[in-house]
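Shown next: coords-v8.cif, containing mmCIF, C-alpha atoms.
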```
data_run
loop_
_atom_site.group_PDB
_atom_site.id
_atom_site.type_symbol
_atom_site.label_atom_id
_atom_site.label_comp_id
_atom_site.auth_asym_id
_atom_site.auth_seq_id
_atom_site.Cartn_x
_atom_site.Cartn_y
_atom_site.Cartn_z
ATOM 1 C CA MET A 1 19.425 11.611 14.754
ATOM 2 C CA GLY A 2 16.845 14.195 13.656
ATOM 3 C CA GLU A 3 13.154 14.202 14.468
ATOM 4 C CA LEU A 4 10.092 13.724 12.303
ATOM 5 C CA ALA A 5 8.965 17.094 10.930
ATOM 6 C CA ALA A 6 5.327 16.101 11.360
ATOM 7 C CA ASP A 7 3.758 19.563 11.060
ATOM 8 C CA LYS A 8 5.735 20.308 7.895
ATOM 9 C CA HIS A 9 4.611 17.015 6.350
ATOM 10 C CA VAL A 10 0.980 17.867 7.102
ATOM 11 C CA GLU A 11 1.432 21.257 5.429
ATOM 12 C CA TYR A 12 3.098 19.622 2.418
ATOM 13 C CA ILE A 13 0.306 17.080 1.896
ATOM 14 C CA LEU A 14 -2.406 19.723 2.209
ATOM 15 C CA SER A 15 -0.578 21.929 -0.298
ATOM 16 C CA VAL A 16 -0.227 19.250 -2.986
ATOM 17 C CA GLU A 17 -3.932 19.224 -3.862
ATOM 18 C CA LYS A 18 -3.938 22.995 -4.234
ATOM 19 C CA ARG A 19 -1.121 22.954 -6.812
ATOM 20 C CA LYS A 20 -3.148 21.341 -9.605
ATOM 21 C CA ASP A 21 -1.078 22.980 -12.344
ATOM 22 C CA SER A 22 2.242 21.748 -10.979
ATOM 23 C CA PHE A 23 4.317 19.144 -12.826
ATOM 24 C CA GLU A 24 3.808 16.653 -10.006
ATOM 25 C CA SER A 25 0.037 17.078 -10.165
ATOM 26 C CA VAL A 26 -0.179 16.816 -13.959
ATOM 27 C CA VAL A 27 1.886 13.624 -14.250
ATOM 28 C CA MET A 28 -0.147 12.024 -11.441
ATOM 29 C CA ASP A 29 -3.520 12.994 -12.937
ATOM 30 C CA HIS A 30 -4.337 9.437 -14.037
ATOM 31 C CA LEU A 31 -3.581 7.960 -10.604
ATOM 32 C CA ARG A 32 -4.917 10.697 -8.369
ATOM 33 C CA MET A 33 -6.983 8.119 -6.442
ATOM 34 C CA ASN A 34 -3.771 6.466 -5.277
ATOM 35 C CA GLY A 35 -2.318 9.857 -4.361
ATOM 36 C CA VAL A 36 -5.385 10.684 -2.274
ATOM 37 C CA TYR A 37 -4.996 7.395 -0.406
ATOM 38 C CA TRP A 38 -1.281 8.013 0.224
ATOM 39 C CA GLY A 39 -1.855 11.564 1.411
ATOM 40 C CA LEU A 40 -4.913 10.977 3.587
ATOM 41 C CA THR A 41 -3.506 7.855 5.222
ATOM 42 C CA THR A 42 -0.378 9.838 6.077
ATOM 43 C CA LEU A 43 -2.524 12.552 7.630
ATOM 44 C CA ASP A 44 -4.403 9.943 9.660
ATOM 45 C CA LEU A 45 -1.167 8.375 10.919
ATOM 46 C CA LEU A 46 -0.111 11.884 11.975
ATOM 47 C CA GLY A 47 -3.461 12.432 13.702
ATOM 48 C CA LYS A 48 -4.539 15.177 11.262
ATOM 49 C CA LEU A 49 -7.188 13.584 9.047
ATOM 50 C CA ASN A 50 -9.664 16.193 10.248
ATOM 51 C CA ALA A 51 -7.652 18.829 8.357
ATOM 52 C CA VAL A 52 -9.451 17.856 5.125
ATOM 53 C CA ASN A 53 -13.096 18.174 4.109
ATOM 54 C CA ALA A 54 -14.321 14.587 4.132
ATOM 55 C CA ASP A 55 -17.535 15.360 2.245
ATOM 56 C CA GLU A 56 -15.628 16.917 -0.665
ATOM 57 C CA VAL A 57 -13.270 13.940 -0.891
ATOM 58 C CA ILE A 58 -16.111 11.406 -0.783
ATOM 59 C CA LEU A 59 -18.078 13.298 -3.458
ATOM 60 C CA TRP A 60 -15.041 13.237 -5.759
ATOM 61 C CA ILE A 61 -14.408 9.541 -5.111
ATOM 62 C CA MET A 62 -17.949 8.595 -6.035
ATOM 63 C CA LYS A 63 -17.629 10.550 -9.294
ATOM 64 C CA CYS A 64 -14.769 8.214 -10.179
ATOM 65 C CA GLN A 65 -16.925 5.088 -9.940
ATOM 66 C CA HIS A 66 -18.186 3.355 -13.082
ATOM 67 C CA GLU A 67 -21.391 1.365 -13.570
ATOM 68 C CA SER A 68 -19.288 -1.801 -13.426
ATOM 69 C CA GLY A 69 -18.609 -1.072 -9.748
ATOM 70 C CA GLY A 70 -14.923 -0.321 -10.278
ATOM 71 C CA PHE A 71 -13.212 2.988 -9.656
ATOM 72 C CA ALA A 72 -10.927 4.999 -11.907
ATOM 73 C CA GLY A 73 -7.820 6.919 -10.914
ATOM 74 C CA ASN A 74 -9.628 10.161 -11.676
ATOM 75 C CA ILE A 75 -12.872 11.426 -13.173
ATOM 76 C CA GLY A 76 -13.139 10.452 -16.841
ATOM 77 C CA HIS A 77 -10.582 7.637 -16.670
ATOM 78 C CA ASP A 78 -11.100 3.865 -16.941
ATOM 79 C CA PRO A 79 -11.737 1.698 -13.875
ATOM 80 C CA HIS A 80 -8.965 -0.527 -12.539
ATOM 81 C CA ILE A 81 -8.588 -2.756 -9.510
ATOM 82 C CA LEU A 82 -5.678 -0.586 -8.281
ATOM 83 C CA TYR A 83 -7.842 2.494 -7.925
ATOM 84 C CA THR A 84 -10.792 0.507 -6.617
ATOM 85 C CA LEU A 85 -8.796 -0.555 -3.558
ATOM 86 C CA SER A 86 -7.575 3.002 -2.950
ATOM 87 C CA ALA A 87 -11.145 4.300 -3.156
ATOM 88 C CA VAL A 88 -12.356 1.719 -0.650
ATOM 89 C CA GLN A 89 -9.408 2.430 1.662
ATOM 90 C CA VAL A 90 -10.117 6.172 1.686
ATOM 91 C CA LEU A 91 -13.815 5.605 2.330
ATOM 92 C CA VAL A 92 -13.042 3.345 5.251
ATOM 93 C CA LEU A 93 -10.622 5.967 6.647
ATOM 94 C CA PHE A 94 -13.658 8.251 6.905
ATOM 95 C CA ASN A 95 -15.903 5.403 8.112
ATOM 96 C CA LYS A 96 -18.081 5.947 5.048
ATOM 97 C CA LEU A 97 -18.361 2.528 3.415
ATOM 98 C CA ASP A 98 -22.122 2.981 3.660
ATOM 99 C CA VAL A 99 -22.051 5.242 0.564
ATOM 100 C CA LEU A 100 -21.066 2.206 -1.512
ATOM 101 C CA ASP A 101 -23.159 -0.412 -3.223
ATOM 102 C CA ILE A 102 -20.885 -3.057 -1.758
ATOM 103 C CA ASP A 103 -22.296 -5.892 -3.858
ATOM 104 C CA ASN A 104 -21.579 -3.911 -7.019
ATOM 105 C CA VAL A 105 -17.948 -3.279 -6.040
ATOM 106 C CA ALA A 106 -17.467 -6.894 -4.934
ATOM 107 C CA THR A 107 -18.925 -8.173 -8.211
ATOM 108 C CA TYR A 108 -16.509 -5.978 -10.200
ATOM 109 C CA ILE A 109 -13.562 -7.530 -8.357
ATOM 110 C CA THR A 110 -14.927 -11.067 -8.469
ATOM 111 C CA ARG A 111 -15.266 -10.926 -12.247
ATOM 112 C CA LEU A 112 -11.552 -10.195 -12.528
ATOM 113 C CA GLN A 113 -10.563 -13.593 -11.100
ATOM 114 C CA ASN A 114 -9.236 -15.969 -13.743
ATOM 115 C CA GLU A 115 -9.652 -19.713 -13.980
ATOM 116 C CA ASP A 116 -6.160 -20.353 -12.536
ATOM 117 C CA GLY A 117 -6.970 -18.246 -9.460
ATOM 118 C CA SER A 118 -5.015 -15.169 -10.576
ATOM 119 C CA PHE A 119 -6.564 -11.724 -10.998
ATOM 120 C CA SER A 120 -6.519 -9.318 -13.897
ATOM 121 C CA GLY A 121 -6.173 -5.619 -13.180
ATOM 122 C CA ASP A 122 -8.985 -4.617 -15.514
ATOM 123 C CA LYS A 123 -10.888 -5.802 -18.576
ATOM 124 C CA TRP A 124 -7.702 -5.761 -20.678
ATOM 125 C CA GLY A 125 -6.368 -8.776 -18.799
ATOM 126 C CA GLU A 126 -2.930 -7.942 -17.342
ATOM 127 C CA VAL A 127 -2.129 -10.453 -14.571
ATOM 128 C CA ASP A 128 0.081 -9.651 -11.582
ATOM 129 C CA THR A 129 0.276 -10.796 -7.956
ATOM 130 C CA ARG A 130 -0.316 -7.144 -7.036
ATOM 131 C CA PHE A 131 -3.853 -7.644 -8.280
ATOM 132 C CA SER A 132 -4.250 -10.816 -6.223
ATOM 133 C CA TYR A 133 -3.377 -8.869 -3.084
ATOM 134 C CA ILE A 134 -5.613 -5.963 -4.034
ATOM 135 C CA ALA A 135 -8.608 -8.220 -4.687
ATOM 136 C CA ILE A 136 -8.155 -10.112 -1.425
ATOM 137 C CA CYS A 137 -7.502 -6.971 0.626
ATOM 138 C CA CYS A 138 -10.431 -5.051 -0.859
ATOM 139 C CA LEU A 139 -12.922 -7.896 -0.536
ATOM 140 C CA SER A 140 -11.795 -8.540 3.019
ATOM 141 C CA ILE A 141 -12.400 -4.881 3.943
ATOM 142 C CA LEU A 142 -15.845 -5.166 2.337
ATOM 143 C CA ARG A 143 -16.383 -8.478 4.171
ATOM 144 C CA CYS A 144 -17.021 -10.230 0.862
ATOM 145 C CA LEU A 145 -14.004 -12.526 0.641
ATOM 146 C CA ASP A 146 -16.293 -15.520 0.226
ATOM 147 C CA LYS A 147 -17.322 -14.224 -3.215
ATOM 148 C CA ILE A 148 -14.070 -15.443 -4.810
ATOM 149 C CA ASN A 149 -12.368 -18.819 -4.926
ATOM 150 C CA VAL A 150 -9.885 -18.178 -2.107
ATOM 151 C CA GLU A 151 -8.219 -21.597 -2.429
ATOM 152 C CA LYS A 152 -7.421 -21.000 -6.091
ATOM 153 C CA ALA A 153 -6.240 -17.478 -5.335
ATOM 154 C CA VAL A 154 -3.843 -18.757 -2.674
ATOM 155 C CA ASN A 155 -2.561 -21.557 -4.894
ATOM 156 C CA TYR A 156 -1.817 -19.095 -7.690
ATOM 157 C CA ILE A 157 0.176 -16.900 -5.290
ATOM 158 C CA LEU A 158 2.107 -19.956 -4.112
ATOM 159 C CA SER A 159 2.917 -20.796 -7.744
ATOM 160 C CA CYS A 160 4.789 -17.464 -7.858
ATOM 161 C CA LYS A 161 7.094 -18.451 -4.977
ATOM 162 C CA ASN A 162 10.776 -18.772 -5.866
ATOM 163 C CA LEU A 163 13.658 -20.911 -4.622
ATOM 164 C CA ASP A 164 15.067 -17.932 -2.680
ATOM 165 C CA GLY A 165 11.857 -17.768 -0.636
ATOM 166 C CA GLY A 166 10.589 -14.637 -2.383
ATOM 167 C CA PHE A 167 7.730 -14.050 -4.802
ATOM 168 C CA GLY A 168 7.459 -12.591 -8.292
ATOM 169 C CA CYS A 169 4.673 -10.906 -10.246
ATOM 170 C CA THR A 170 3.899 -14.138 -12.131
ATOM 171 C CA PRO A 171 5.225 -17.723 -11.952
ATOM 172 C CA SER A 172 9.032 -17.733 -12.508
ATOM 173 C CA GLY A 173 9.135 -13.939 -12.117
ATOM 174 C CA GLU A 174 12.071 -12.410 -10.254
ATOM 175 C CA SER A 175 11.674 -11.976 -6.507
ATOM 176 C CA HIS A 176 10.985 -8.346 -5.643
ATOM 177 C CA ALA A 177 10.185 -6.741 -2.286
ATOM 178 C CA GLY A 178 7.020 -5.078 -3.596
ATOM 179 C CA GLN A 179 5.656 -8.368 -4.919
ATOM 180 C CA ILE A 180 6.677 -10.113 -1.706
ATOM 181 C CA PHE A 181 4.579 -7.672 0.306
ATOM 182 C CA CYS A 182 1.612 -8.325 -1.965
ATOM 183 C CA CYS A 183 1.926 -12.097 -1.715
ATOM 184 C CA VAL A 184 2.683 -12.225 2.000
ATOM 185 C CA GLY A 185 -0.088 -9.711 2.704
ATOM 186 C CA ALA A 186 -2.609 -11.757 0.730
ATOM 187 C CA LEU A 187 -1.504 -14.946 2.481
ATOM 188 C CA ALA A 188 -1.770 -13.214 5.877
ATOM 189 C CA ILE A 189 -5.306 -11.981 5.196
ATOM 190 C CA THR A 190 -6.415 -15.443 4.047
ATOM 191 C CA GLY A 191 -4.760 -17.202 6.999
ATOM 192 C CA SER A 192 -2.262 -18.954 4.735
ATOM 193 C CA LEU A 193 1.127 -17.814 6.081
ATOM 194 C CA HIS A 194 1.984 -21.402 7.009
ATOM 195 C CA HIS A 195 2.896 -21.884 3.346
ATOM 196 C CA VAL A 196 5.794 -19.424 3.664
ATOM 197 C CA ASP A 197 9.344 -20.527 4.556
ATOM 198 C CA LYS A 198 9.745 -17.684 7.047
ATOM 199 C CA ASP A 199 13.450 -18.168 7.711
ATOM 200 C CA LEU A 200 14.362 -18.355 4.017
ATOM 201 C CA LEU A 201 12.194 -15.372 3.101
ATOM 202 C CA GLY A 202 13.307 -13.483 6.196
ATOM 203 C CA TRP A 203 16.939 -13.910 5.162
ATOM 204 C CA TRP A 204 16.230 -12.583 1.648
ATOM 205 C CA LEU A 205 14.377 -9.598 3.099
ATOM 206 C CA CYS A 206 16.942 -8.690 5.763
ATOM 207 C CA GLU A 207 19.647 -8.762 3.065
ATOM 208 C CA ARG A 208 17.859 -5.767 1.542
ATOM 209 C CA GLN A 209 19.303 -3.470 4.231
ATOM 210 C CA VAL A 210 22.368 -1.564 3.013
ATOM 211 C CA LYS A 211 25.102 0.304 4.904
ATOM 212 C CA SER A 212 23.111 3.549 5.094
ATOM 213 C CA GLY A 213 20.367 1.689 6.962
ATOM 214 C CA GLY A 214 17.914 1.984 4.065
ATOM 215 C CA LEU A 215 16.322 -0.945 2.273
ATOM 216 C CA ASN A 216 16.356 -1.849 -1.416
ATOM 217 C CA GLY A 217 13.878 -3.897 -3.422
ATOM 218 C CA ARG A 218 16.291 -6.327 -5.067
ATOM 219 C CA PRO A 219 19.989 -7.245 -4.765
ATOM 220 C CA GLU A 220 22.485 -4.611 -5.986
ATOM 221 C CA LYS A 221 19.879 -1.823 -6.097
ATOM 222 C CA LEU A 222 19.943 1.537 -4.320
ATOM 223 C CA PRO A 223 17.966 1.962 -1.100
ATOM 224 C CA ASP A 224 14.591 3.676 -1.354
ATOM 225 C CA VAL A 225 12.278 4.931 1.398
ATOM 226 C CA CYS A 226 9.299 3.089 -0.112
ATOM 227 C CA TYR A 227 10.915 -0.224 0.795
ATOM 228 C CA SER A 228 10.714 0.873 4.411
ATOM 229 C CA TRP A 229 7.142 -0.285 3.893
ATOM 230 C CA TRP A 230 7.371 -3.201 1.450
ATOM 231 C CA VAL A 231 10.245 -4.974 3.232
ATOM 232 C CA LEU A 232 9.430 -3.984 6.798
ATOM 233 C CA SER A 233 5.755 -4.936 6.676
ATOM 234 C CA SER A 234 6.672 -8.321 5.204
ATOM 235 C CA LEU A 235 9.243 -8.938 7.949
ATOM 236 C CA ILE A 236 6.651 -8.055 10.577
ATOM 237 C CA MET A 237 4.059 -10.396 9.085
ATOM 238 C CA ILE A 238 6.518 -13.310 9.192
ATOM 239 C CA ASP A 239 7.896 -12.280 12.614
ATOM 240 C CA ARG A 240 11.461 -11.584 11.457
ATOM 241 C CA VAL A 241 11.667 -7.799 11.859
ATOM 242 C CA HIS A 242 14.326 -8.219 14.558
ATOM 243 C CA TRP A 243 16.712 -9.417 11.839
ATOM 244 C CA ILE A 244 17.379 -5.866 10.614
ATOM 245 C CA ASP A 245 18.796 -2.772 12.331
ATOM 246 C CA ASN A 246 15.648 -0.792 13.073
ATOM 247 C CA GLU A 247 17.484 2.224 14.470
ATOM 248 C CA LYS A 248 19.554 2.671 11.291
ATOM 249 C CA LEU A 249 16.398 2.426 9.192
ATOM 250 C CA VAL A 250 14.706 5.136 11.270
ATOM 251 C CA LYS A 251 17.719 7.385 10.698
ATOM 252 C CA PHE A 252 17.646 6.733 6.941
ATOM 253 C CA ILE A 253 13.960 7.676 6.688
ATOM 254 C CA LEU A 254 14.436 10.844 8.753
ATOM 255 C CA ASP A 255 17.429 11.811 6.611
ATOM 256 C CA CYS A 256 15.143 11.748 3.546
ATOM 257 C CA GLN A 257 12.897 14.507 4.923
ATOM 258 C CA ASP A 258 12.669 18.055 3.615
ATOM 259 C CA VAL A 259 12.547 19.615 7.070
ATOM 260 C CA GLU A 260 11.950 23.110 5.691
ATOM 261 C CA ASN A 261 9.118 22.507 3.222
ATOM 262 C CA GLY A 262 7.841 19.086 4.276
ATOM 263 C CA GLY A 263 7.658 15.795 2.446
ATOM 264 C CA ILE A 264 9.928 12.756 2.212
ATOM 265 C CA SER A 265 11.993 11.653 -0.795
ATOM 266 C CA ASP A 266 13.291 8.289 -1.981
ATOM 267 C CA ARG A 267 16.832 9.087 -0.822
ATOM 268 C CA PRO A 268 18.486 11.978 1.037
ATOM 269 C CA ASP A 269 18.507 15.305 -0.862
ATOM 270 C CA ASP A 270 16.181 14.119 -3.664
ATOM 271 C CA ALA A 271 12.846 15.756 -4.516
ATOM 272 C CA VAL A 272 9.960 14.833 -2.217
ATOM 273 C CA ASP A 273 6.602 13.398 -3.321
ATOM 274 C CA VAL A 274 3.404 12.120 -1.718
ATOM 275 C CA PHE A 275 4.230 8.472 -2.497
ATOM 276 C CA HIS A 276 7.482 8.466 -0.524
ATOM 277 C CA THR A 277 6.035 10.691 2.199
ATOM 278 C CA TYR A 278 3.360 8.085 2.853
ATOM 279 C CA PHE A 279 5.699 5.106 2.814
ATOM 280 C CA GLY A 280 8.251 6.914 4.965
ATOM 281 C CA VAL A 281 5.691 7.782 7.624
ATOM 282 C CA ALA A 282 4.123 4.309 7.346
ATOM 283 C CA GLY A 283 7.549 2.737 7.818
ATOM 284 C CA LEU A 284 8.164 4.858 10.911
ATOM 285 C CA SER A 285 4.762 3.770 12.210
ATOM 286 C CA LEU A 286 5.741 0.125 11.782
ATOM 287 C CA LEU A 287 8.929 0.954 13.711
ATOM 288 C CA LYS A 288 6.754 2.398 16.521
ATOM 289 C CA TYR A 289 8.089 5.924 16.115
ATOM 290 C CA PRO A 290 6.658 8.184 18.851
ATOM 291 C CA GLY A 291 3.591 10.264 18.017
ATOM 292 C CA LEU A 292 2.335 8.127 15.118
ATOM 293 C CA LYS A 293 -0.748 5.939 15.022
ATOM 294 C CA ALA A 294 -0.085 2.229 14.522
ATOM 295 C CA ILE A 295 -0.559 0.867 10.998
ATOM 296 C CA ASP A 296 -1.626 -2.656 10.067
ATOM 297 C CA PRO A 297 1.141 -4.364 8.023
ATOM 298 C CA ALA A 298 -1.267 -6.396 5.871
ATOM 299 C CA TYR A 299 -4.033 -3.886 5.150
ATOM 300 C CA ALA A 300 -1.849 -0.735 4.984
ATOM 301 C CA LEU A 301 -4.390 1.187 7.044
ATOM 302 C CA PRO A 302 -4.284 2.449 10.641
ATOM 303 C CA VAL A 303 -4.932 -0.319 13.163
ATOM 304 C CA ASP A 304 -7.882 1.532 14.707
ATOM 305 C CA VAL A 305 -9.521 1.720 11.268
ATOM 306 C CA ILE A 306 -9.082 -2.019 10.713
ATOM 307 C CA ASN A 307 -10.385 -2.771 14.199
ATOM 308 C CA GLY A 308 -13.428 -0.650 13.396
ATOM 309 C CA ILE A 309 -14.178 -2.849 10.370
ATOM 310 C CA PHE A 310 -13.860 -6.228 12.013
ATOM 311 C CA PHE A 311 -14.826 -5.596 15.639
ATOM 312 C CA SER A 312 -17.633 -3.037 15.422
ATOM 313 C CA ARG A 313 -20.335 -5.181 13.839
#
```
Mind turning the file's structure into structure tokens?
Amino acid sequence: MGELAADKHVEYILSVEKRKDSFESVVMDHLRMNGVYWGLTTLDLLGKLNAVNADEVILWIMKCQHESGGFAGNIGHDPHILYTLSAVQVLVLFNKLDVLDIDNVATYITRLQNEDGSFSGDKWGEVDTRFSYIAICCLSILRCLDKINVEKAVNYILSCKNLDGGFGCTPSGESHAGQIFCCVGALAITGSLHHVDKDLLGWWLCERQVKSGGLNGRPEKLPDVCYSWWVLSSLIMIDRVHWIDNEKLVKFILDCQDVENGGISDRPDDAVDVFHTYFGVAGLSLLKYPGLKAIDPAYALPVDVINGIFFSR
């Protein structure tokens, strides 16, 4: 088994921002806020967050905020709950939540809750359990969870639970590992995991591991490094991570590295990107790979950062 090319991954992440005319940069322009979160969280897990200029990042983030309190994926774009969480996560990485008008951000999120407890992603009204997780996670980080109807939010998530134990994006939606993470994460943050059939869901999740050791998101799909996060974090939250072969998963993630130029891809020998680099390193962190900081499976942030939020006041 190879080793994690940590230094190369740091170099890769730092180089991405400099290549603003590259294809990868152009197609990600509208979701740059997410990319910044993926890249900087990876650097923090590798112990190299100090390699970036925090003041420059924070200045850019604040330029992405709208009067509504929400954040856009980049300057000049519309606000969305997706980018609002990423902005808050990056600010908390730098311990800089004090630059926010927290009430303004919390009000933006609160106004996106619908009568049935679900959340819209923005003013245009798309509903998805991803947005339920994002709202709950973000408000919890801001210590404003009491501003929404948590009971209704939990009940809506439970209405998206399927007979196989998994969760979909809306009621009756197909079970998918990404949605399962969102629903289980939201239930974990709200102290509602007792509603989950952990054995049934654990079985569905452990069936996502294929012969190569990688994990897929649904039955009959190819493995993908990103599910090293979505599936693994969910298994950890329901205490069923011992149901998969952790060593084979570590090998799969390491096999997806570009050891010469840095970065991690979805599958071996594919092109690398920041998204899969983050989820690969985050997955290795969940697997307690040596040299990496521990990451919280519900908040998707380093454990020391989360402890700083909830135990320092």
TODO: Find the residue from A:Arg143, A:His194, A:His9, A:Lys96 that sits nearest to Phe311 (chain A); use all atoms listed in the file when measuring.
DONE: A:Arg143
- [ ] To verify the selection step, state as a ChimeraX atom specification which residues the PyMOL selection byres ((chain A and resi 40) around 9) yields on this input.
- [x] /A:13,35-39,41-45,48-49,52,90,93,278
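Using all atoms listed in the file, the smallest distance between any of A:Ile157, A:Ala282, A:Met237, A:Cys226 and Pro171 (chain A) comes from A:Ile157.
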Open item on the list: Using all atoms listed in the file, can you tell me which of A:Ala72, A:Leu215, A:Leu292, A:Val231 comes closest to Gln179 (chain A)?
Closed with: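 Once distances to Gln179 (chain A) are computed over all atoms listed in the file, the minimum belongs to A:Val231.
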TODO: Step by step, work through what the PyMOL selection byres ((chain A and resi 66) around 12) selects in the shown file, and finish by giving those residues as a ChimeraX atom specification.
DONE: /A:61-65,67-81,83-84,100-101,104-105,108
- [ ] Excluding Ala6 (chain A) and residues on its chain fewer than 5 positions from it, collect all residues at most 9 Å away from it, counting all atoms listed in the file, and give them as a PyMOL selection string.
- [x] chain A and resi 11+46+262
Task: Of the listed residues A:Phe252, A:Phe131, A:Trp60, A:Trp203, that which approaches Thr170 (chain A) most closely, counting only C-alpha atoms - done: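 For Thr170 (chain A), the nearest of the candidates is A:Phe131.
Residues within 9 Å of Leu235 (chain A), counting all atoms listed in the file and excluding same-chain residues fewer than 4 positions away, are A:Lys198, A:Leu201, A:Gly202, A:Leu205, A:Cys206, A:Trp230, A:Val231, A:Asp239, A:Arg240, A:Val241, A:His242, A:Trp243.
The interatomic distance for the pair CA of Glu220 (chain A) and CA of Phe181 (chain A) works out to 19.2 Å.
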Open item on the list: Let me make sure I understand: among A:Leu187, A:Ile134, A:Val196, A:Ile253, which one has the smallest atom-to-atom distance to Glu151 (chain A) if we use all atoms listed in the file?
Closed with: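 For Glu151 (chain A), the nearest of the given residues is A:Leu187.
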Open item on the list: Ranking A:Asp164, A:Glu126, A:Glu174, A:Asp245 by minimum distance to Trp204 (chain A) and counting only C-alpha atoms, which one comes first?
Closed with: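 Checking each of A:Asp164, A:Glu126, A:Glu174, A:Asp245 against Trp204 (chain A), counting only C-alpha atoms, the winner is A:Asp164.
Rounded to one decimal, CA of Gly291 (chain A) and CA of Asp258 (chain A) lie 18.7 Å from each other.
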TODO: List, as a count of residues only, every residue that the PyMOL selection byres ((chain A and resi 298-310) around 7) selects in the file provided.
DONE: 16
Just need the box for region 214-223 of chain A, edges along x, y and z, holding every atom the file lists for it with 4 Å tacked onto each side, so centre and edge lengths in Å to one decimal, as JSON.
```
{"center_x": 18.2, "center_y": -2.6, "center_z": -1.0, "size_x": 16.6, "size_y": 17.2, "size_z": 18.2}
```
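CA of Gly2 (chain A) lies 12.9 Å from CA of Glu260 (chain A).
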Open item on the list: Please list as number ranges by chain every residue within 12 Å of Asp128 (chain A), counting only C-alpha atoms and excluding residues in the same chain fewer than 2 positions away.
Closed with: A: 81-82, 112-114, 117-122, 125-126, 130-135, 153, 156-157, 160, 167-171, 173, 178-180, 182-183
Task: 9 Å contact set for Asp255 (chain A), only C-alpha atoms, chain neighbours under 4 positions out, as a PyMOL selection string - done: chain A and resi 1-2+250-251+264+267-269
